[in-house]
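> I am attaching a structure below and will ask some questions about it afterwards.
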Amino acid sequence: MLAYTVRRLLNLIPILFLVTAFLFFIFRFLPGGPIEMMVPPDEVLDEEVRLILEKELGLDRPILVQYFDWLWRALQGDFGESIYSQLPVGSLIMERFPATLYLALAAVVLAIAVAIPMGTIAALRRNTMTDYVAMGTSVFGLTVPNFWLALMMILLFSLGLRWLPSMGYVDPTQDFFGSLKHFIMPAIVLAAYPCAVATRMTRSSMLDELNKDYVYTARSQGLPEWKIIFKYTLKNALIPTITIVGLLFARQLGGTIIIESIFGWPGVGLLIFEHINARDFPVVQGAGLLLAIFFVGINLAVDLMYRLVNPRVELS
Amino acid sequence: MASDSVARDVSSRLLNQEDIRVEAPTLVTRLRRTGAYLKDMAGELWKSKLASCGAFIVLVMILVAIFADVLARHDPFSMTDAALAPVSWEHWFGTDPYGRDIWSRVVHGARRAMVISASAVLLGILLGVPLGAVSGYYGTTTVHVAGRQVRVPLDNIIMRLVDAWLAIPGILFFLLVVAIFGGSDLVLIMTLGVAQVPLLARLVRGSVLSEKTKEYVEASHIIGDSNLNITFRQILPNCLSPIIVQASVSVGFLIIVEAALAFLGLGAQPPTPAWGADLNEAKNFMETYPLLTIFPGLALSLTVLGFNLFGDGLRDILDPRQVEQ
């Protein structure tokens with residue numbers, strides 16, 4: 001297990017290396033480069049000023065030197081400064097990160113809290129109306145694009161019923177109950193897809209478990225059905241569910257870009273969206289790298305946990 | 001060893017006896033076989049209510065995309081005085097703030113969504129399938145460079161690239177590329193297509209790995225078939241099922257991505273009739289005219305539903321191992 005963990009960690013190095021290379025070099029394809037972006041469109045940049053600016057930003061050096069310089073600083077937690085606001089990128093990201101993390105966590109908790117009971121009940125009441133309703137709902141969650149779901153919810157709950165605010169964010173560590181009504185809609189929208197996947201997963205792995213010999217034995221020994229389910233099958237059936245929720249959670253961090261821009265949620269996603277349009281690349285590189293690190297980190301953690309609880313999985 | 005002598009016997013027969021060589025099928029027999037195969041599949045699909053429902057939606061959407069010019073009752077671009085008209089016989093879905101007919105725009109949006117995502121998936125298959133096949137079949141290969149043998153861990157290299165590719169959050173990749181290279185249709189197709197490569201490559205690699213241990217591959221080796229021929233003409237045709245399933249699901253997924261990008265203001269720009277771009281415009285009129293946000297979104301959801309159900313149905317038929325109970 002230890003050797004496997006070390007090997008997986010070493011594997012992360014080339015992956016993250018390639019990710020940083022992508023994030024760095026793609027901005028070099030910008031027509032005119034970053035300096036052109038700093039000039040208002042109706043002004044013509046003086047050649048002399050351009051040279052000074054290039055020198056100041058270090059853009060006159062060979063591109064590989066720029067890349068390794070950026071990488072070396074990034075490893076030390078220094079992502080440079082925003083081209084527009086001149087603020088350090090690291091602090092910009094850290095300022096926005098909690099909002100995204102809370103939202104993602106709320107969505108995961110919601111997804112698990114709904115998916116596990118729903119999937120279990122659907123499996124126990126297989127091929128009944130309950131099952132069909134649960135599966136139908138999950139197809140809905142898989143199908144409806146999250147940004148349209150967000151619009152429809154705003155239409156219904158904010159504009160129609162006027163129950164929930166359509167925009168804004170309250171820090172839950174400051175005012176927990178006040179923040180709840182801000183969290184409801186974004187969390188539901190973000191949870192819809194993972195919840196649907198997890199419901200189907202729970203149902204199918206629960207059905208798998210219920211067909212196994214040990215359940216047959218337990219039943220023949222007269223163990224009550226609820227005990228079989230809660231003590232044995234559910235535990236085994238939840239392994240794939242938790243795994244898939246973990247993986248989807250990692251992917252959700254990217255999905256927050258759309259949701260945050262709809263709900264005006266001041267997280268990393270909105271930060272990326274705002275700065276991508278402005279082509280403020282230090283910010284986008286830093287935030288993108290953060291998302292990628294989280295993504296591979298959670299993937300690895302889920303993988304290791306999966307192997308820990310299920311030692312039969314081959315360590316290859 | 002009995003099995004050894006049997007193998008020798010079989011291989012000597014394969015090598016010496018002309019009469020057991022199978023004739024290469026002619027084009028007509030090939031087409032006939034494909035036709036029979038498709039007919040079988042349609043029959044299987046028909047058995048599942050949900051799958052045939054999905055197939056029906058997909059078929060309708062393809063027809064709508066093809067005949068968009070006929071079905072649209074108005075020019076999707078022409079602005080009239082009848083702004084924000086309610087649903088009526090003249091304007092089935094009403095009109096938008098510029099007096100354009102929403103039904104016509106939704107119908108033309110279908111064409112756009114289908115063409116872009118189908119082309120992107122095709123591109124992804126063209127790039128990803130050979131990559132995955134090579135990765136799975138060759139593993140580590142030896143290359144002669146300047147008279148020296150160099151071992152190239154092709155599989156390892158390709159799979160690490162795929163891992164890195166998958167580590168970049170999808171939507172971030174699309175946003176970056178579109179923000180930098182612009183949101184023209186060509187850029188969109190290339191970006192969405194390239195983004196499908198890692199997933200497809202990994203999928204194909206997996207099936208090639210399990211397929212290459214089978215007897216017919218060994219037999220091809222014995223006959224003296226080239227590695228390239230074995231990979232692409234013998235193994236790959238047996239790995240088509242998961243590719244087909246993934247292609248169907250991917251088309252649905254890319255329709256969402258394309259719409260999401262347009263919704264964020266990247267990709268399709270007004271006045272292009274596109275579901276995402278229309279929803280982005282409609283967002284500004286939600287308070288006064290909520291109907292605008294409903295029809296493009298419904299069309300989008302329905303199409304995606306169709307492709308998902310169709311993909312699920314195909315998976316049940318083609319890939320019985322993965323059938324859910």
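Chain labels run A, B, ... following the order of the structure tokens; each chain numbers its residues from 1, and ligands are numbered from 1 in the order shown.
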Determine, using only C-alpha atoms, which residues of segment 200-281 of chain A have any atom at most 12 Å from an atom of segment 171-180 of chain A, and tabulate each with its shortest atom pair and distance in Å to one decimal place, rows ordered by chain and then rising number, as a tab-separated table.

```
residue	atom	partner	partner_atom	distance
A:Trp265	CA	A:Asp171	CA	10.9
A:Pro266	CA	A:Asp171	CA	10.3
A:Gly267	CA	A:Asp171	CA	11.3
```
> Write the residues you've just listed into a file as a CSV table (one decimal), in the first residue's frame, and include N, CA, C and O atoms for each of them.

```csv
chain,number,residue,atom,x,y,z
A,265,TRP,N,-21.7,34.5,-7.1
A,265,TRP,CA,-21.1,33.8,-5.9
A,265,TRP,C,-19.6,34.2,-5.9
A,265,TRP,O,-18.9,33.8,-6.9
A,266,PRO,N,-19.1,34.9,-4.9
A,266,PRO,CA,-17.7,35.4,-5.0
A,266,PRO,C,-16.7,34.3,-4.7
A,266,PRO,O,-16.0,34.4,-3.7
A,267,GLY,N,-16.6,33.3,-5.6
A,267,GLY,CA,-15.7,32.2,-5.4
A,267,GLY,C,-14.6,32.2,-6.4
A,267,GLY,O,-14.5,33.1,-7.2
```
> Applying 8 Å and only C-alpha atoms, which residues near segment 75-88 of chain B remain after dropping the ones on its own chain fewer than 4 positions away? List them as a list in words.
Trp92, Phe93, Gly94, Thr95, Asp96, Pro97, Tyr98, Gly99, Arg100, Asp101, Ile102, Ser104, Arg105, His108, Pro271, Thr272, Pro273 and Tyr289 of chain B
> For those residues, write N, CA and C atoms to a file as a PDB file, in the first residue's frame.

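Ended up saving to selection.pdb:
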```pdb
ATOM      1  N   TRP B  92     -45.323  30.268 -32.755  1.00  0.00           N
ATOM      2  CA  TRP B  92     -45.615  29.137 -31.865  1.00  0.00           C
ATOM      3  C   TRP B  92     -44.994  29.306 -30.491  1.00  0.00           C
ATOM      4  N   PHE B  93     -43.790  29.837 -30.433  1.00  0.00           N
ATOM      5  CA  PHE B  93     -43.109  30.015 -29.145  1.00  0.00           C
ATOM      6  C   PHE B  93     -43.026  31.497 -28.775  1.00  0.00           C
ATOM      7  N   GLY B  94     -43.769  32.370 -29.472  1.00  0.00           N
ATOM      8  CA  GLY B  94     -43.687  33.798 -29.201  1.00  0.00           C
ATOM      9  C   GLY B  94     -42.502  34.431 -29.924  1.00  0.00           C
ATOM     10  N   THR B  95     -42.247  35.701 -29.615  1.00  0.00           N
ATOM     11  CA  THR B  95     -41.096  36.379 -30.233  1.00  0.00           C
ATOM     12  C   THR B  95     -40.208  36.967 -29.144  1.00  0.00           C
ATOM     13  N   ASP B  96     -38.967  37.238 -29.507  1.00  0.00           N
ATOM     14  CA  ASP B  96     -38.016  37.777 -28.529  1.00  0.00           C
ATOM     15  C   ASP B  96     -38.039  39.307 -28.547  1.00  0.00           C
ATOM     16  N   PRO B  97     -37.234  39.962 -27.718  1.00  0.00           N
ATOM     17  CA  PRO B  97     -37.300  41.423 -27.615  1.00  0.00           C
ATOM     18  C   PRO B  97     -37.048  42.146 -28.933  1.00  0.00           C
ATOM     19  N   TYR B  98     -36.447  41.465 -29.902  1.00  0.00           N
ATOM     20  CA  TYR B  98     -36.196  42.110 -31.189  1.00  0.00           C
ATOM     21  C   TYR B  98     -37.239  41.713 -32.225  1.00  0.00           C
ATOM     22  N   GLY B  99     -38.279  41.049 -31.762  1.00  0.00           N
ATOM     23  CA  GLY B  99     -39.340  40.654 -32.669  1.00  0.00           C
ATOM     24  C   GLY B  99     -39.009  39.456 -33.535  1.00  0.00           C
ATOM     25  N   ARG B 100     -37.977  38.688 -33.155  1.00  0.00           N
ATOM     26  CA  ARG B 100     -37.644  37.502 -33.936  1.00  0.00           C
ATOM     27  C   ARG B 100     -38.451  36.311 -33.427  1.00  0.00           C
ATOM     28  N   ASP B 101     -38.805  35.445 -34.361  1.00  0.00           N
ATOM     29  CA  ASP B 101     -39.650  34.298 -34.033  1.00  0.00           C
ATOM     30  C   ASP B 101     -38.841  33.251 -33.263  1.00  0.00           C
ATOM     31  N   ILE B 102     -39.266  32.929 -32.040  1.00  0.00           N
ATOM     32  CA  ILE B 102     -38.454  32.028 -31.197  1.00  0.00           C
ATOM     33  C   ILE B 102     -38.472  30.597 -31.735  1.00  0.00           C
ATOM     34  N   SER B 104     -38.533  29.609 -34.784  1.00  0.00           N
ATOM     35  CA  SER B 104     -37.549  29.516 -35.858  1.00  0.00           C
ATOM     36  C   SER B 104     -36.128  29.502 -35.306  1.00  0.00           C
ATOM     37  N   ARG B 105     -35.910  30.286 -34.269  1.00  0.00           N
ATOM     38  CA  ARG B 105     -34.557  30.334 -33.682  1.00  0.00           C
ATOM     39  C   ARG B 105     -34.221  29.023 -32.986  1.00  0.00           C
ATOM     40  N   HIS B 108     -33.425  26.438 -35.707  1.00  0.00           N
ATOM     41  CA  HIS B 108     -32.082  26.640 -36.265  1.00  0.00           C
ATOM     42  C   HIS B 108     -31.004  26.367 -35.229  1.00  0.00           C
ATOM     43  N   PRO B 271     -26.210  37.743 -33.529  1.00  0.00           N
ATOM     44  CA  PRO B 271     -27.568  37.201 -33.580  1.00  0.00           C
ATOM     45  C   PRO B 271     -27.647  35.739 -34.000  1.00  0.00           C
ATOM     46  N   THR B 272     -26.536  34.973 -33.954  1.00  0.00           N
ATOM     47  CA  THR B 272     -26.596  33.565 -34.325  1.00  0.00           C
ATOM     48  C   THR B 272     -27.683  32.849 -33.513  1.00  0.00           C
ATOM     49  N   PRO B 273     -28.565  32.116 -34.195  1.00  0.00           N
ATOM     50  CA  PRO B 273     -29.546  31.348 -33.414  1.00  0.00           C
ATOM     51  C   PRO B 273     -28.868  30.168 -32.732  1.00  0.00           C
ATOM     52  N   TYR B 289     -40.253  38.927 -18.910  1.00  0.00           N
ATOM     53  CA  TYR B 289     -40.735  38.004 -19.923  1.00  0.00           C
ATOM     54  C   TYR B 289     -40.084  36.624 -19.754  1.00  0.00           C
TER      55      TYR B 289
END
```
> What's the 12 Å shell around segment 299-313 of chain A, counting only C-alpha atoms, without same-chain residues fewer than 6 positions away, as a PyMOL selection string?
(chain A and resi 1-12+235-251+292-293) or (chain B and resi 163+166-167)
> Specify as a short mmCIF file (atom, residue, chain, number, x, y, z; two decimals) with all heavy atoms, in the first residue's frame all residues of chain B found within 6 Å of chain A, counting only C-alpha atoms.

```cif
data_model
loop_
_atom_site.label_atom_id
_atom_site.label_comp_id
_atom_site.auth_asym_id
_atom_site.auth_seq_id
_atom_site.Cartn_x
_atom_site.Cartn_y
_atom_site.Cartn_z
N ALA B 164 -2.76 13.99 -17.54
CA ALA B 164 -2.59 15.43 -17.40
C ALA B 164 -3.75 16.17 -18.04
O ALA B 164 -4.29 17.14 -17.51
CB ALA B 164 -1.28 15.87 -18.03
N ALA B 167 -6.67 16.16 -15.96
CA ALA B 167 -6.55 16.89 -14.71
C ALA B 167 -6.96 18.35 -14.86
O ALA B 167 -7.24 19.02 -13.88
CB ALA B 167 -5.12 16.82 -14.19
N ILE B 168 -6.99 18.85 -16.10
CA ILE B 168 -7.43 20.23 -16.31
C ILE B 168 -8.95 20.23 -16.32
O ILE B 168 -9.55 19.54 -17.14
CB ILE B 168 -6.90 20.77 -17.64
CG1 ILE B 168 -5.37 20.73 -17.63
CG2 ILE B 168 -7.40 22.18 -17.89
CD1 ILE B 168 -4.76 20.94 -18.99
N PRO B 169 -9.58 20.96 -15.39
CA PRO B 169 -11.04 20.95 -15.37
C PRO B 169 -11.59 21.32 -16.75
O PRO B 169 -11.16 22.33 -17.33
CB PRO B 169 -11.39 22.03 -14.34
CG PRO B 169 -10.18 22.15 -13.49
CD PRO B 169 -9.01 21.82 -14.36
N ILE B 180 -9.03 32.79 -25.78
CA ILE B 180 -7.79 33.16 -26.45
C ILE B 180 -7.90 33.04 -27.98
O ILE B 180 -7.47 33.93 -28.70
CB ILE B 180 -6.63 32.31 -25.91
CG1 ILE B 180 -6.28 32.82 -24.51
CG2 ILE B 180 -5.40 32.42 -26.81
CD1 ILE B 180 -5.37 31.95 -23.74
N SER B 301 -32.67 20.50 -23.13
CA SER B 301 -32.83 19.37 -22.22
C SER B 301 -33.37 18.15 -22.95
O SER B 301 -32.92 17.03 -22.71
CB SER B 301 -33.77 19.73 -21.08
OG SER B 301 -33.35 20.90 -20.45
N VAL B 304 -30.65 16.47 -25.03
CA VAL B 304 -29.69 15.76 -24.18
C VAL B 304 -30.33 14.50 -23.62
O VAL B 304 -29.70 13.43 -23.59
CB VAL B 304 -29.20 16.69 -23.06
CG1 VAL B 304 -28.27 15.94 -22.13
CG2 VAL B 304 -28.49 17.89 -23.63
N LEU B 305 -31.59 14.62 -23.20
CA LEU B 305 -32.31 13.43 -22.70
C LEU B 305 -32.31 12.34 -23.76
O LEU B 305 -32.03 11.17 -23.48
CB LEU B 305 -33.74 13.82 -22.35
CG LEU B 305 -34.65 12.68 -21.89
CD1 LEU B 305 -34.24 12.21 -20.51
CD2 LEU B 305 -36.11 13.08 -21.90
#
```
> Which of segment 45-199 of chain A counts as helix (DSSP H, G or I) under DSSP, as a PyMOL selection string please?
chain A and resi 47-57+63-75+89-124+129-143+146-160+176-199
